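S.K.: Just dropping this structure here.
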Amino acid sequence: MHAALRAIINLCVRWRVHPNTLTLIGVLINVGAAWALGFGRFRLAFLIMLVANIFDFIDGKVAHILGLQSEFGAFWDSTLDRFSDLALLTGLIFLYSKLNRSDYVMIAALTLIFSIMTSYARARAESLVEKCKVGFMERPERIVLLMIGTITNRMAGVLWVVLVLSILAVADRIYYTYLASASCRCRRGTDRGRVQSCVFLDRRTGHAALRPLGHRDSGVRLLVPPDWLAIRWLTTPV
C-alpha cells in the first residue's frame, strides 16, 4: 500500500500536478460517493470513498515535495473538505427520504449540522486562541466511520455514533475556548480572609486544574469559570 502511494505521489511530482488540483479531484470523486450513498449502493460508495481519500492524502505530500505549500492551499483544502462532508451526508439524507424514514432524515441532518459545527468551532476558536484541537470526532474519524458503515451495511448505527461524538466535540471546544480566552476575573469572597480560587490552564497540555489565587506556574494562564456556571465550590479558604 505504501509503495503504491509513493508511486502515485512520484507520478504527480513528475508531472507537476498542482496539489490544489488533486484536492479538487478528490472532492469530485466524493460527489460520486454521495450519489452511490443516495441510491443505497454502499459497497460502491466504499470503493469510491477509498479512491477519493487517496487524493485527500497525497495532495499535502505533493505540495511539500514541489514546494507549493501556501496559506491559500490550506484554506482551499479545508474548504473543499467541508464540501465533501456536506455531499456525503446529503446523499444519506436523500437515501432516507426515499425510504420514508423521517427519523433518520433528521439524524442525518443533525449529523451534518454538528459535523460542520465541529470544524467551524475549531476554525473560529483558533482566531482567538493558539490551538483548539480538543474533541475526538474530527474529519478523519468521520470518514473512517462512514466507510465502516458502508462496508458493514450498518450506516444507521454509524450515524448515531458520529452525531453523539460530534455534539460532545463541539461542546468540548466551546468550553476549552472559554477557558483559553477568558481573562482572570477572580474576586474576593464576601467573607474576610477568603479569596476565590481560579482555574489554571496549561497551554502546552490543555489540562486545567483548580488552584488558589496567587499560584504561579510557567506556561499557565489564570482563569475562572463564568458566573452563569454558578460553581460555588470555587470559593476556598487560603
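Chain lettering (A, B, ...) mirrors the order of the C-alpha cells, residue numbering begins at 1 for each chain separately, and ligand numbering begins at 1 in order of display.
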Hey, what's within 8 Å of Leu68 (chain A) if we count only C-alpha atoms and toss same-chain stuff fewer than 3 positions away? As a PyMOL selection string, please?

M.R.: chain A and resi 18-19+63-65

S.K.: Keeping all heavy atoms, export the residues of the selection given above as a PDB file, in the first residue's frame.

M.R.:
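Saved file part28.pdb follows:
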ATOM      1  N   HIS A  18      -0.557  20.189  -9.822  1.00  0.00           N
ATOM      2  CA  HIS A  18      -0.700  21.125  -8.704  1.00  0.00           C
ATOM      3  C   HIS A  18      -1.520  20.474  -7.593  1.00  0.00           C
ATOM      4  O   HIS A  18      -2.549  19.831  -7.862  1.00  0.00           O
ATOM      5  CB  HIS A  18      -1.394  22.412  -9.163  1.00  0.00           C
ATOM      6  CG  HIS A  18      -1.158  23.565  -8.238  1.00  0.00           C
ATOM      7  ND1 HIS A  18      -1.792  23.693  -7.013  1.00  0.00           N
ATOM      8  CD2 HIS A  18      -0.337  24.643  -8.347  1.00  0.00           C
ATOM      9  CE1 HIS A  18      -1.389  24.793  -6.422  1.00  0.00           C
ATOM     10  NE2 HIS A  18      -0.499  25.394  -7.207  1.00  0.00           N
ATOM     11  N   PRO A  19      -1.088  20.599  -6.328  1.00  0.00           N
ATOM     12  CA  PRO A  19      -1.820  19.963  -5.222  1.00  0.00           C
ATOM     13  C   PRO A  19      -3.263  20.436  -5.093  1.00  0.00           C
ATOM     14  O   PRO A  19      -4.131  19.671  -4.674  1.00  0.00           O
ATOM     15  CB  PRO A  19      -0.995  20.324  -3.981  1.00  0.00           C
ATOM     16  CG  PRO A  19      -0.111  21.450  -4.402  1.00  0.00           C
ATOM     17  CD  PRO A  19       0.140  21.243  -5.848  1.00  0.00           C
ATOM     18  N   ALA A  63       2.382  18.828  -2.359  1.00  0.00           N
ATOM     19  CA  ALA A  63       2.649  20.247  -2.100  1.00  0.00           C
ATOM     20  C   ALA A  63       3.992  20.425  -1.397  1.00  0.00           C
ATOM     21  O   ALA A  63       4.758  21.345  -1.715  1.00  0.00           O
ATOM     22  CB  ALA A  63       1.520  20.841  -1.259  1.00  0.00           C
ATOM     23  N   HIS A  64       4.291  19.528  -0.453  1.00  0.00           N
ATOM     24  CA  HIS A  64       5.555  19.624   0.285  1.00  0.00           C
ATOM     25  C   HIS A  64       6.748  19.359  -0.632  1.00  0.00           C
ATOM     26  O   HIS A  64       7.743  20.096  -0.590  1.00  0.00           O
ATOM     27  CB  HIS A  64       5.532  18.625   1.441  1.00  0.00           C
ATOM     28  CG  HIS A  64       6.815  18.588   2.222  1.00  0.00           C
ATOM     29  ND1 HIS A  64       7.184  19.597   3.097  1.00  0.00           N
ATOM     30  CD2 HIS A  64       7.815  17.667   2.257  1.00  0.00           C
ATOM     31  CE1 HIS A  64       8.361  19.302   3.632  1.00  0.00           C
ATOM     32  NE2 HIS A  64       8.757  18.139   3.147  1.00  0.00           N
ATOM     33  N   ILE A  65       6.653  18.332  -1.464  1.00  0.00           N
ATOM     34  CA  ILE A  65       7.773  17.970  -2.331  1.00  0.00           C
ATOM     35  C   ILE A  65       8.019  19.047  -3.383  1.00  0.00           C
ATOM     36  O   ILE A  65       9.176  19.408  -3.670  1.00  0.00           O
ATOM     37  CB  ILE A  65       7.508  16.609  -3.002  1.00  0.00           C
ATOM     38  CG1 ILE A  65       7.479  15.503  -1.938  1.00  0.00           C
ATOM     39  CG2 ILE A  65       8.581  16.297  -4.044  1.00  0.00           C
ATOM     40  CD1 ILE A  65       7.041  14.163  -2.460  1.00  0.00           C
TER      41      ILE A  65
END

S.K.: Find the spatial neighbours of region 129-135 of chain A, counting only C-alpha atoms, within a cut-off of 10 Å - ignore same-chain residues fewer than 4 positions away - and output them as a count of residues only.

M.R.: 27

S.K.: For region 42-46 of chain A, please output as a list in words all residues within 9 Å (counting only C-alpha atoms; exclusion window: fewer than 6 positions along the same chain).

M.R.: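 What passes the distance filter is Asn30, Gly32, Ala33, Ala34, Trp35, Ala36, Leu146, Met147, Ile148, Gly149, Thr150, Ile151, Thr152, Asn153 and Met155 of chain A.
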
S.K.: Pick out each residue of region 19-218 of chain A that DSSP on the backbone tags as strand (DSSP E or B); I need them as JSON, numbers by chain.

M.R.: {"A": [188, 194, 195, 196, 198, 199, 200, 201, 202, 208, 209, 210, 211]}

S.K.: Between CA of Ser97 (chain A) and CA of Asp56 (chain A), what is the distance, to one decimal in Å?

M.R.: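 Going from CA of Ser97 (chain A) over to CA of Asp56 (chain A) covers 29.3 Å.
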
S.K.: Check the smallest atom-to-atom distance from each of A:Ala52, A:Ile25, A:Val62, A:Val105 to Trp160 (chain A) using only C-alpha atoms, then report the winner.

M.R.: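 Once distances to Trp160 (chain A) are computed over only C-alpha atoms, the minimum belongs to A:Val105.
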
S.K.: Select from region 109-200 of chain A everything DSSP, run on the backbone, classes as helix (DSSP H, G or I), then give the selection as a PyMOL selection string.

M.R.: chain A and resi 109-125+139-152+155-181

S.K.: From the set A:Tyr104, A:Tyr120, A:Phe83, A:Tyr96, which residue has the shortest atom-to-atom contact distance to Leu28 (chain A), counting only C-alpha atoms?

M.R.: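 Result for the nearest residue to Leu28 (chain A): A:Phe83.
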
S.K.: Find the residue from A:Leu88, A:Ala109, A:Ile54, A:Ile48 that sits nearest to Arg6 (chain A); use only C-alpha atoms when measuring.

M.R.: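 Checking each of A:Leu88, A:Ala109, A:Ile54, A:Ile48 against Arg6 (chain A), counting only C-alpha atoms, the winner is A:Ile54.
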
S.K.: Can you work out which one of A:Leu37, A:Leu66, A:Leu110, A:Ile8 has the shortest atom-to-atom distance to Phe94 (chain A), counting only C-alpha atoms?

M.R.: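 Distance minimum relative to Phe94 (chain A) lands on A:Leu37.
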
S.K.: With a distance cut-off of 8 Å and only C-alpha atoms, select the neighbouring residues of Leu112 (chain A), excluding the residue or stretch itself and same-chain residues fewer than 5 positions from it, and output the selection as a list of chain:residue names.

M.R.: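 Here the qualifying residues turn out to be A:Asp85, A:Leu86, A:Leu89, A:Thr90.
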
S.K.: Just how far from CA of Arg142 (chain A) is CA of Leu11 (chain A), in Å to one decimal?

M.R.: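 These two atoms are separated by 29.1 Å.
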
S.K.: For CA of Gly67 (chain A) and CA of Ile143 (chain A), determine how far apart the two atoms are, in Å to one decimal place.

M.R.: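 Taking CA of Gly67 (chain A) and CA of Ile143 (chain A), their separation equals 27.9 Å.
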